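Asker: Pasting final_30.cif here (mmCIF, C-alpha atoms):
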```cif
data_structure
loop_
_atom_site.label_atom_id
_atom_site.label_comp_id
_atom_site.auth_asym_id
_atom_site.auth_seq_id
_atom_site.Cartn_x
_atom_site.Cartn_y
_atom_site.Cartn_z
CA MET B 190 218.54 256.63 31.65
CA GLY B 191 216.52 256.72 34.87
CA LEU B 192 214.38 259.46 36.31
CA ASN B 193 217.29 261.28 37.95
CA GLY B 194 219.53 261.11 34.93
CA ARG B 195 221.29 257.95 36.07
CA SER B 196 221.00 254.61 34.33
CA ILE B 197 218.69 251.98 35.70
CA SER B 198 220.23 248.69 36.69
CA PRO B 199 218.89 245.51 38.31
CA GLY B 200 218.38 245.95 42.05
CA ASP B 201 217.32 249.58 41.71
CA GLU B 202 213.96 250.39 43.19
CA ILE B 203 212.76 251.97 39.96
CA TYR B 204 213.82 248.93 38.01
CA GLU B 205 212.02 246.50 40.30
CA ALA B 206 208.90 248.62 40.47
CA LYS B 207 208.46 248.60 36.73
CA ASN B 208 205.32 247.13 35.31
CA PRO B 209 205.73 243.33 34.98
CA PHE B 210 204.48 243.48 31.40
CA PHE B 211 207.34 245.78 30.37
CA ARG B 212 209.82 243.79 32.43
CA GLY B 213 208.77 240.65 30.56
CA MET B 214 209.00 242.42 27.25
CA ARG B 215 212.46 243.79 27.99
CA ASP B 216 213.73 240.35 29.11
CA ALA B 217 212.34 238.74 25.96
CA ILE B 218 213.56 241.15 23.29
CA PRO B 219 217.05 239.56 23.05
CA ILE B 220 215.27 236.22 22.64
CA GLY B 221 213.04 237.75 19.98
CA LEU B 222 216.03 239.01 17.99
CA GLY B 223 217.52 235.51 18.03
CA TYR B 224 214.13 234.16 16.99
CA PHE B 225 214.08 236.40 13.97
CA ALA B 226 217.23 234.79 12.56
CA VAL B 227 216.04 231.28 13.30
CA SER B 228 212.54 231.64 11.94
CA PHE B 229 213.92 233.36 8.84
CA SER B 230 215.42 230.00 7.84
CA LEU B 231 212.05 228.33 8.47
CA GLY B 232 210.59 230.85 6.06
CA ILE B 233 213.13 229.86 3.41
CA ALA B 234 212.06 226.22 3.81
CA ALA B 235 208.36 227.13 3.74
CA GLY B 236 208.79 229.33 0.66
CA ASN B 237 210.54 226.48 -1.16
CA VAL B 238 207.40 224.34 -0.95
CA GLY B 239 205.08 227.17 -1.95
CA TYR B 240 203.98 228.86 1.28
CA THR B 241 203.04 232.50 0.75
CA THR B 242 204.50 235.25 2.93
CA PHE B 243 201.25 235.47 4.88
CA GLN B 244 201.03 231.70 5.32
CA GLY B 245 204.59 231.74 6.67
CA PHE B 246 203.64 234.51 9.09
CA LEU B 247 200.55 232.62 10.26
CA LEU B 248 202.43 229.33 10.57
CA SER B 249 204.96 230.85 12.96
CA LEU B 250 202.50 233.06 14.83
CA LEU B 251 200.24 230.11 15.65
CA ASN B 252 202.79 227.35 16.18
CA VAL B 253 205.86 229.05 17.73
CA SER B 254 208.04 225.95 17.50
CA SER B 255 211.02 225.42 15.20
CA SER B 256 211.21 221.64 14.83
CA GLY B 257 207.43 221.21 14.90
CA GLU B 258 206.98 223.82 12.19
CA TYR B 259 209.68 222.35 10.01
CA ALA B 260 208.18 218.86 10.31
CA GLY B 261 204.80 220.38 9.44
CA ILE B 262 206.24 222.15 6.39
CA VAL B 263 207.71 218.87 5.09
CA LEU B 264 204.51 216.89 5.72
CA SER B 265 202.14 219.50 4.32
CA ALA B 266 204.25 219.71 1.16
CA GLU B 267 203.73 215.97 0.79
CA GLN B 268 199.97 216.34 1.40
CA ALA B 269 200.32 213.93 4.34
CA GLY B 270 197.30 212.57 6.20
CA PHE B 271 196.18 214.34 9.35
CA ILE B 272 196.72 211.40 11.72
CA GLU B 273 200.28 211.15 10.50
CA LEU B 274 200.73 214.91 10.87
CA ALA B 275 199.31 214.86 14.41
CA LEU B 276 201.70 212.05 15.39
CA MET B 277 204.68 213.85 13.86
CA ILE B 278 203.82 217.11 15.63
CA CYS B 279 203.47 215.23 18.93
CA VAL B 280 206.88 213.66 18.47
CA ALA B 281 208.62 216.85 17.33
CA ASN B 282 207.09 218.83 20.21
CA ALA B 283 207.10 216.12 22.88
CA ARG B 284 209.54 218.07 25.04
CA TYR B 285 206.93 220.76 25.62
CA LEU B 286 204.99 218.22 27.70
CA LEU B 287 207.85 218.17 30.20
CA MET B 288 208.19 221.96 30.23
CA SER B 289 204.50 222.39 30.70
CA PHE B 290 204.51 219.98 33.66
CA ALA B 291 207.44 221.83 35.19
CA LEU B 292 205.90 225.26 34.72
CA SER B 293 202.59 224.01 36.10
CA GLN B 294 204.29 223.71 39.51
CA ARG B 295 205.12 227.42 39.41
CA PHE B 296 201.55 228.64 39.07
CA SER B 297 200.10 230.05 42.27
CA PRO B 298 197.27 227.83 43.58
CA SER B 299 194.93 230.77 43.13
CA SER B 300 195.84 231.32 39.47
CA THR B 301 192.94 231.22 37.07
CA LEU B 302 192.32 228.67 34.33
CA PHE B 303 192.40 231.55 31.84
CA HIS B 304 196.06 232.28 32.61
CA ARG B 305 196.98 228.59 32.28
CA LEU B 306 195.21 228.42 28.92
CA THR B 307 196.91 231.51 27.52
CA ILE B 308 200.41 230.90 28.88
CA GLY B 309 200.40 227.39 27.39
CA PHE B 310 200.23 228.98 23.96
CA GLY B 311 203.70 230.53 24.07
CA LEU B 312 205.66 227.86 25.87
CA THR B 313 208.88 227.71 23.83
CA ASP B 314 212.23 226.50 25.12
CA GLU B 315 213.44 230.05 25.74
CA LEU B 316 210.25 231.56 27.16
CA PHE B 317 209.87 228.55 29.42
CA GLY B 318 213.40 229.36 30.60
CA LEU B 319 212.38 232.93 31.44
CA GLY B 320 209.31 231.72 33.35
CA ILE B 321 211.29 229.17 35.35
CA ALA B 322 214.04 231.72 36.09
CA SER B 323 211.63 234.32 37.50
CA LYS B 324 211.31 234.46 41.26
CA GLY B 325 208.33 233.20 43.28
CA TRP B 326 205.01 232.28 41.74
CA LEU B 327 204.83 232.83 38.02
CA ASP B 328 203.47 236.28 37.16
CA PRO B 329 201.16 235.81 34.15
CA VAL B 330 201.51 239.48 33.17
CA TYR B 331 205.30 239.10 33.05
CA MET B 332 204.84 236.14 30.69
CA TYR B 333 202.47 238.09 28.46
CA GLY B 334 205.10 240.81 28.18
CA ALA B 335 207.69 238.18 27.27
CA PHE B 336 205.38 236.77 24.59
CA PHE B 337 204.79 240.24 23.22
CA GLY B 338 208.52 240.96 23.04
CA SER B 339 209.43 237.80 21.13
CA ILE B 340 206.60 235.96 19.34
CA PRO B 341 205.84 238.76 16.82
CA LEU B 342 209.53 238.74 15.84
CA TRP B 343 209.35 234.98 15.39
CA ALA B 344 206.36 235.35 13.04
CA LEU B 345 207.92 238.26 11.12
CA GLY B 346 211.17 236.32 10.66
CA THR B 347 209.33 233.54 8.85
CA ALA B 348 207.42 236.01 6.68
CA PHE B 349 210.72 237.70 5.74
CA GLY B 350 212.28 234.31 5.01
CA VAL B 351 209.53 233.41 2.54
CA TYR B 352 209.82 236.82 0.92
CA ALA B 353 213.63 236.69 0.70
CA GLY B 354 213.55 233.21 -0.83
CA ASN B 355 211.30 234.57 -3.56
CA VAL B 356 213.17 237.76 -4.42
CA LEU B 357 216.85 236.97 -3.85
CA PRO B 358 219.01 235.74 -6.74
CA VAL B 359 219.05 231.93 -7.06
CA ILE B 360 222.67 231.66 -5.95
CA LEU B 361 221.83 233.34 -2.60
CA SER B 362 218.53 231.59 -1.97
CA GLU B 363 220.16 228.24 -2.67
CA ALA B 364 222.80 229.01 -0.02
CA LEU B 365 220.04 229.96 2.43
CA ASN B 366 218.41 226.54 1.93
CA VAL B 367 220.99 224.98 4.26
CA ALA B 368 220.43 227.54 7.05
CA ILE B 369 217.69 225.48 8.70
CA PHE B 370 219.96 222.43 8.81
CA GLY B 371 222.76 224.55 10.28
CA MET B 372 220.35 225.59 12.99
CA PHE B 373 219.43 221.96 13.73
CA LEU B 374 223.13 221.01 13.91
CA ALA B 375 223.73 223.86 16.36
CA ILE B 376 221.01 222.41 18.59
CA ILE B 377 222.00 218.73 18.52
CA ILE B 378 225.82 218.73 18.27
CA PRO B 379 226.92 220.80 21.33
CA PRO B 380 224.99 218.63 23.86
CA GLY B 381 226.66 215.62 22.21
CA ARG B 382 230.01 216.94 23.37
CA LYS B 383 228.90 216.64 26.97
CA ASP B 384 226.74 213.53 26.73
CA PRO B 385 228.17 210.59 24.74
CA VAL B 386 224.75 208.91 24.63
CA VAL B 387 223.29 211.95 22.86
CA LEU B 388 226.23 211.98 20.45
CA GLY B 389 225.73 208.27 19.74
CA ALA B 390 222.01 208.78 19.21
CA VAL B 391 222.69 211.60 16.75
CA ILE B 392 225.22 209.57 14.74
CA VAL B 393 222.95 206.51 14.62
CA SER B 394 220.10 208.77 13.52
CA PHE B 395 222.19 210.20 10.65
CA LEU B 396 223.18 206.72 9.48
CA LEU B 397 219.75 205.09 9.72
CA SER B 398 218.12 208.08 8.07
CA LEU B 399 220.55 207.83 5.15
CA LEU B 400 219.99 204.08 4.93
CA ALA B 401 216.19 204.46 5.01
CA SER B 402 216.33 207.00 2.19
CA VAL B 403 218.22 204.68 -0.18
CA LEU B 404 216.90 201.17 0.66
CA PRO B 405 214.17 200.34 -1.89
CA LEU B 406 211.72 199.14 0.78
CA THR B 407 211.78 202.37 2.82
CA ALA B 408 212.76 204.89 0.14
CA SER B 409 209.27 204.74 -1.35
CA ILE B 410 207.72 205.96 1.94
CA SER B 411 207.33 209.75 2.17
CA SER B 412 210.15 211.48 4.04
CA GLY B 413 207.73 212.72 6.72
CA THR B 414 206.61 209.18 7.57
CA ARG B 415 210.20 207.97 7.56
CA THR B 416 211.14 210.70 10.05
CA LEU B 417 208.26 209.73 12.32
CA ILE B 418 208.99 205.99 12.28
CA LEU B 419 212.76 206.42 12.67
CA THR B 420 212.36 208.88 15.56
CA ILE B 421 210.07 206.56 17.50
CA ILE B 422 212.28 203.50 16.92
CA ILE B 423 215.63 205.18 17.65
CA ALA B 424 214.48 207.26 20.64
CA SER B 425 212.75 204.20 22.17
CA ALA B 426 215.85 202.06 21.71
CA VAL B 427 218.12 204.69 23.27
CA ALA B 428 215.67 205.23 26.15
CA LEU B 429 215.59 201.47 26.83
CA LEU B 430 219.37 201.02 26.60
CA PHE B 431 220.36 204.23 28.41
CA PRO B 432 217.48 205.34 30.65
CA LEU B 433 217.98 208.62 32.52
CA LYS B 434 218.92 208.42 36.17
CA ASP B 435 216.15 209.33 38.58
CA GLU B 436 217.24 212.92 38.91
CA PRO B 437 214.46 215.43 38.39
CA ALA B 438 217.03 217.96 37.15
CA GLN B 439 217.44 215.91 33.98
CA GLU B 440 213.78 216.27 33.19
CA ILE B 441 214.16 219.81 32.05
CA ARG B 442 216.31 220.74 29.18
CA THR B 443 216.28 223.73 26.93
CA GLU B 444 217.62 224.05 23.46
CA THR B 445 220.57 226.22 22.69
CA THR B 446 218.74 228.80 20.63
CA GLU B 447 219.11 231.40 23.37
CA GLU B 448 222.80 231.61 22.53
CA SER B 449 222.05 233.11 19.17
CA MET V 135 191.58 215.94 -2.54
CA LYS V 136 194.31 218.49 -2.10
CA HIS V 137 194.37 220.23 1.29
CA SER V 138 195.31 223.89 1.48
CA TYR V 139 198.29 224.99 3.55
CA TYR V 140 195.88 226.95 5.72
CA THR V 141 194.19 223.71 6.80
CA TYR V 142 197.56 222.24 7.69
CA ILE V 143 198.65 225.37 9.60
CA ILE V 144 195.49 225.45 11.73
CA PHE V 145 195.61 221.71 12.39
CA MET V 146 199.29 221.83 13.41
CA ALA V 147 198.63 224.78 15.67
CA LEU V 148 195.82 222.91 17.45
CA VAL V 149 197.94 219.81 18.09
CA THR V 150 200.91 221.92 19.26
CA TYR V 151 198.66 223.92 21.58
CA LEU V 152 197.15 220.76 23.12
CA ILE V 153 200.62 219.37 23.90
CA ARG V 154 201.56 222.61 25.63
CA VAL V 155 198.38 223.23 27.51
CA LEU V 156 197.27 219.79 28.73
CA PRO V 157 199.90 219.47 31.47
CA LEU V 158 199.07 223.01 32.63
CA THR V 159 195.36 222.25 32.90
CA LEU V 160 194.15 218.66 33.04
CA LEU V 161 197.17 216.42 33.62
CA ARG V 162 198.96 218.27 36.38
CA LYS V 163 200.81 215.25 37.84
CA PRO V 164 204.44 215.06 36.66
CA ILE V 165 205.56 212.13 34.49
CA THR V 166 207.30 209.54 36.65
CA ASN V 167 207.66 206.68 34.16
CA ARG V 168 211.40 206.38 33.62
CA PHE V 169 211.18 205.04 30.08
CA PHE V 170 208.80 207.77 28.98
CA ARG V 171 210.92 210.50 30.58
CA SER V 172 214.03 209.14 28.85
CA PHE V 173 212.16 208.85 25.55
CA LEU V 174 211.09 212.50 25.78
CA TYR V 175 214.64 213.53 26.59
CA TYR V 176 216.17 211.87 23.51
CA VAL V 177 213.39 212.62 21.01
CA PRO V 178 214.45 216.17 20.03
CA TYR V 179 218.02 215.11 19.21
CA VAL V 180 216.91 212.08 17.22
CA THR V 181 214.18 213.80 15.25
CA LEU V 182 216.34 216.82 14.34
CA ALA V 183 219.19 214.51 13.29
CA VAL V 184 216.85 212.45 11.11
CA MET V 185 215.39 215.60 9.54
CA THR V 186 218.86 217.06 8.84
CA PHE V 187 220.55 214.15 7.12
CA PRO V 188 220.39 213.24 4.25
CA ALA V 189 217.87 216.06 3.51
CA ILE V 190 220.68 218.67 3.60
CA LEU V 191 222.37 216.90 0.65
CA THR V 192 219.39 217.34 -1.66
CA SER V 193 218.61 220.90 -0.53
CA THR V 194 221.25 222.31 -2.89
CA SER V 195 221.84 221.88 -6.62
CA SER V 196 224.71 219.45 -6.02
CA LEU V 197 225.12 216.76 -3.34
CA LEU V 198 228.64 218.09 -2.96
CA TYR V 199 227.52 221.54 -1.73
CA GLY V 200 225.07 220.10 0.77
CA GLY V 201 227.65 217.59 1.94
CA ALA V 202 230.23 220.33 2.50
CA ALA V 203 227.68 222.41 4.43
CA PHE V 204 226.89 219.37 6.58
CA ILE V 205 230.53 218.76 7.50
CA VAL V 206 231.32 222.43 8.11
CA GLY V 207 228.11 222.75 10.17
CA ILE V 208 229.12 219.85 12.42
CA ILE V 209 232.62 221.26 12.92
CA LEU V 210 231.33 224.77 13.71
CA ALA V 211 228.65 223.41 16.06
CA TRP V 212 231.20 221.27 17.86
CA PHE V 213 233.74 224.05 18.38
CA SER V 214 231.63 227.19 18.58
CA GLY V 215 228.13 226.04 19.50
CA ASN V 216 226.74 229.42 18.53
CA LEU V 217 223.60 229.01 16.48
CA PHE V 218 224.11 232.06 14.32
CA VAL V 219 227.72 231.17 13.50
CA VAL V 220 226.70 227.67 12.41
CA GLU V 221 223.78 228.89 10.30
CA VAL V 222 225.81 231.55 8.49
CA GLY V 223 228.80 229.23 8.13
CA CYS V 224 226.72 226.59 6.33
CA CYS V 225 225.25 229.18 3.96
CA VAL V 226 228.66 230.72 3.16
CA VAL V 227 230.09 227.30 2.26
CA VAL V 228 227.33 226.69 -0.29
CA LEU V 229 227.66 230.21 -1.67
CA LEU V 230 231.44 229.91 -2.04
CA MET V 231 231.33 226.48 -3.67
CA ASN V 232 228.61 227.62 -6.04
CA THR V 233 230.67 230.68 -7.04
CA LEU V 234 234.04 228.94 -7.30
CA ILE V 235 233.00 225.75 -9.06
CA HIS V 236 230.80 227.39 -11.68
#
```
Can the structure in the file be given as structure tokens, please?
Answerer:
Amino acid sequence: MGLNGRSISPGDEIYEAKNPFFRGMRDAIPIGLGYFAVSFSLGIAAGNVGYTTFQGFLLSLLNVSSSGEYAGIVLSAEQAGFIELALMICVANARYLLMSFALSQRFSPSSTLFHRLTIGFGLTDELFGLGIASKGWLDPVYMYGAFFGSIPLWALGTAFGVYAGNVLPVILSEALNVAIFGMFLAIIIPPGRKDPVVLGAVIVSFLLSLLASVLPLTASISSGTRTLILTIIIASAVALLFPLKDEPAQEIRTETTEES
Amino acid sequence: MKHSYYTYIIFMALVTYLIRVLPLTLLRKPITNRFFRSFLYYVPYVTLAVMTFPAILTSTSSLLYGGAAFIVGIILAWFSGNLFVVEVGCCVVVLLMNTLIH
């Protein structure tokens, strides 16, 4: 309710005059609630390979990326080398390069380096979306509010996931093991409905990944390395065969996690 | 030598941060190379698909449960698209099969 006993709605003077930090926080809380569910399943995966609740919390607090974190969980469980890990993280998070370039254009020319350095930290698909959707030059304080409203929930979700995996009965925690894969399917399948090239790429990826895991030559490689090599080969082939048209609009895409 | 998970977490965080912050600070010119832009566009789909299958099969006590979750997940994602519905749907399938078959 507003100051005069009426509810506040967008367009109201009171609403617009609100502190940008709180506006950012309010806009990000729905995102944060969705994050909680998603990062919970990351926590299940992390707990399965021996992450503690605090390590799960730290992992999500510092990385804030679903596919990057999952790749990191798999590779760290295999005690992978750091060059390999760096390459895998670059591949899993490559899309953030594009988002960062796009958001860079929205910074006022007078913005400080400090703001660029801190806003880069929380650039997820959804928070990037909020930043791009806001009017005029990007307001760093608005972004900080958005971070504050969502990133702690992301970190807590993972911590809860690790904890739940440890205390729930086996029959439940086993069922939760597939949650992370359900989340990945929800990200990659719906765009395949609209874009046949994406659908084709996904199907080819499933098949080659299965093949690589059973063929004697490739099955002996760790699954993290296989993921890295397959991703580079398949994505390069698709990019060569079906390059994007020169429309800048196609540069920016966001994942579907905001629907959750 | 065995590395602790803390080392991995900090290292991952540094690499992730660099990817996010470099275009905002040092490399401010947008990417124009068509191949590289296309590569970046397809990478998330490919890498998530590779990480999902066949790993989902071995994430449960029987290949059958994981396989059922995979198929139901694809169907739910295709028709509903809602992340939460797909996640819960996959888990319920494994839970049901585990309860019924045992």
Asker: Would you translate the PyMOL selection byres ((chain V and resi 223-233) around 10) into the concrete set of residues it matches in this file, as number ranges by chain?
Answerer: B: 360-372; V: 194-196, 198-208, 210-211, 217-222, 234-236
Asker: Could you work out how far CA of Phe337 in chain B lies from CA of Met288 in chain B, giving the answer in Å with one decimal?
Answerer: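 CA of Met288 in chain B sits 19.9 Å away from CA of Phe337 in chain B.
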Asker: Would you compute the distance between CA of Phe173 in chain V and CA of Tyr285 in chain B? Give it in Å to one decimal.
Answerer: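 We find that CA of Phe173 in chain V and CA of Tyr285 in chain B lie 13.0 Å from each other.
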Asker: Would you please work out which residue, of B:Leu397, B:Val330, B:Leu274, B:Ala283, is nearest to Ser172 in chain V when using only C-alpha atoms?
Answerer: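 Smallest distance to Ser172 in chain V is found for B:Ala283.
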Asker: Any idea what's packed within 8 Å of Val155 in chain V, counting all atoms listed in the file, ignoring anything in its chain fewer than 5 positions away? Could you give it as a ChimeraX atom specification?
Answerer: /B:289,305-306,309-310
Asker: Just the number, please: distance in Å from CA of Ile233 in chain B to CA of Tyr352 in chain B, one decimal.
Answerer: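 These atoms are spaced 8.1 Å apart.
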Asker: I need the residue nearest chain V from this list: B:Gly389, B:Pro379, B:Gly213, B:Gly346. Use only C-alpha atoms for the distance.
Answerer: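 Residue with the minimum atom-to-atom distance to chain V: B:Pro379.
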Asker: Care to translate the PyMOL selection byres ((chain B and resi 271) around 12) into actual residues of this file, as a PDB file with C-alpha atoms, keeping the file's coordinate frame?
Answerer:
```pdb
ATOM      1  CA  GLY B 261     204.800 220.380   9.440  1.00  0.00           C
ATOM      2  CA  LEU B 264     204.510 216.890   5.720  1.00  0.00           C
ATOM      3  CA  SER B 265     202.140 219.500   4.320  1.00  0.00           C
ATOM      4  CA  GLU B 267     203.730 215.970   0.790  1.00  0.00           C
ATOM      5  CA  GLN B 268     199.970 216.340   1.400  1.00  0.00           C
ATOM      6  CA  ALA B 269     200.320 213.930   4.340  1.00  0.00           C
ATOM      7  CA  GLY B 270     197.300 212.570   6.200  1.00  0.00           C
ATOM      8  CA  ILE B 272     196.720 211.400  11.720  1.00  0.00           C
ATOM      9  CA  GLU B 273     200.280 211.150  10.500  1.00  0.00           C
ATOM     10  CA  LEU B 274     200.730 214.910  10.870  1.00  0.00           C
ATOM     11  CA  ALA B 275     199.310 214.860  14.410  1.00  0.00           C
ATOM     12  CA  LEU B 276     201.700 212.050  15.390  1.00  0.00           C
ATOM     13  CA  MET B 277     204.680 213.850  13.860  1.00  0.00           C
ATOM     14  CA  ILE B 278     203.820 217.110  15.630  1.00  0.00           C
ATOM     15  CA  GLY B 413     207.730 212.720   6.720  1.00  0.00           C
ATOM     16  CA  THR B 414     206.610 209.180   7.570  1.00  0.00           C
TER      17      THR B 414
ATOM     18  CA  HIS V 137     194.370 220.230   1.290  1.00  0.00           C
ATOM     19  CA  THR V 141     194.190 223.710   6.800  1.00  0.00           C
ATOM     20  CA  TYR V 142     197.560 222.240   7.690  1.00  0.00           C
ATOM     21  CA  ILE V 143     198.650 225.370   9.600  1.00  0.00           C
ATOM     22  CA  ILE V 144     195.490 225.450  11.730  1.00  0.00           C
ATOM     23  CA  PHE V 145     195.610 221.710  12.390  1.00  0.00           C
ATOM     24  CA  MET V 146     199.290 221.830  13.410  1.00  0.00           C
ATOM     25  CA  LEU V 148     195.820 222.910  17.450  1.00  0.00           C
ATOM     26  CA  VAL V 149     197.940 219.810  18.090  1.00  0.00           C
TER      27      VAL V 149
END
```
Asker: Counting all atoms listed in the file, figure out which residue out of B:Phe336, B:Phe395, B:Tyr240, B:Tyr331 gets nearest to Glu315 in chain B.
Answerer: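 Looking at the shortest contact to Glu315 in chain B, the residue is B:Phe336.
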Asker: Can you pull out every residue within 12 Å of Gly320 in chain B, counting only C-alpha atoms, but drop anything in the same chain fewer than 2 positions away, and send it as a ChimeraX atom specification?
Answerer: /B:213,216-217,288-289,291-296,308-309,311-318,322-336
Asker: Store the residues picked out above in a file with C-alpha atoms, as an mmCIF file, in the frame of the given file.
Answerer:
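Contents of selection.cif, as written:
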```
data_model
loop_
_atom_site.group_PDB
_atom_site.id
_atom_site.type_symbol
_atom_site.label_atom_id
_atom_site.label_comp_id
_atom_site.auth_asym_id
_atom_site.auth_seq_id
_atom_site.Cartn_x
_atom_site.Cartn_y
_atom_site.Cartn_z
ATOM 1 C CA GLY B 213 208.770 240.650 30.560
ATOM 2 C CA ASP B 216 213.730 240.350 29.110
ATOM 3 C CA ALA B 217 212.340 238.740 25.960
ATOM 4 C CA MET B 288 208.190 221.960 30.230
ATOM 5 C CA SER B 289 204.500 222.390 30.700
ATOM 6 C CA ALA B 291 207.440 221.830 35.190
ATOM 7 C CA LEU B 292 205.900 225.260 34.720
ATOM 8 C CA SER B 293 202.590 224.010 36.100
ATOM 9 C CA GLN B 294 204.290 223.710 39.510
ATOM 10 C CA ARG B 295 205.120 227.420 39.410
ATOM 11 C CA PHE B 296 201.550 228.640 39.070
ATOM 12 C CA ILE B 308 200.410 230.900 28.880
ATOM 13 C CA GLY B 309 200.400 227.390 27.390
ATOM 14 C CA GLY B 311 203.700 230.530 24.070
ATOM 15 C CA LEU B 312 205.660 227.860 25.870
ATOM 16 C CA THR B 313 208.880 227.710 23.830
ATOM 17 C CA ASP B 314 212.230 226.500 25.120
ATOM 18 C CA GLU B 315 213.440 230.050 25.740
ATOM 19 C CA LEU B 316 210.250 231.560 27.160
ATOM 20 C CA PHE B 317 209.870 228.550 29.420
ATOM 21 C CA GLY B 318 213.400 229.360 30.600
ATOM 22 C CA ALA B 322 214.040 231.720 36.090
ATOM 23 C CA SER B 323 211.630 234.320 37.500
ATOM 24 C CA LYS B 324 211.310 234.460 41.260
ATOM 25 C CA GLY B 325 208.330 233.200 43.280
ATOM 26 C CA TRP B 326 205.010 232.280 41.740
ATOM 27 C CA LEU B 327 204.830 232.830 38.020
ATOM 28 C CA ASP B 328 203.470 236.280 37.160
ATOM 29 C CA PRO B 329 201.160 235.810 34.150
ATOM 30 C CA VAL B 330 201.510 239.480 33.170
ATOM 31 C CA TYR B 331 205.300 239.100 33.050
ATOM 32 C CA MET B 332 204.840 236.140 30.690
ATOM 33 C CA TYR B 333 202.470 238.090 28.460
ATOM 34 C CA GLY B 334 205.100 240.810 28.180
ATOM 35 C CA ALA B 335 207.690 238.180 27.270
ATOM 36 C CA PHE B 336 205.380 236.770 24.590
#
```
Asker: Kindly indicate which residue among B:Ser249, B:Thr416, B:Gln244, B:Ser230 lies nearest to Ala147 in chain V, using all atoms listed in the file for the distances.
Answerer: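 Using all atoms listed in the file, the shortest distance to Ala147 in chain V belongs to B:Ser249.
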Asker: From the options B:Val263, B:Ala348, B:Ala390, B:Val403, which residue's atoms come nearest to chain V, counting only C-alpha atoms?
Answerer: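 Between B:Val263, B:Ala348, B:Ala390, B:Val403, the residue approaching chain V most closely is B:Ala390.
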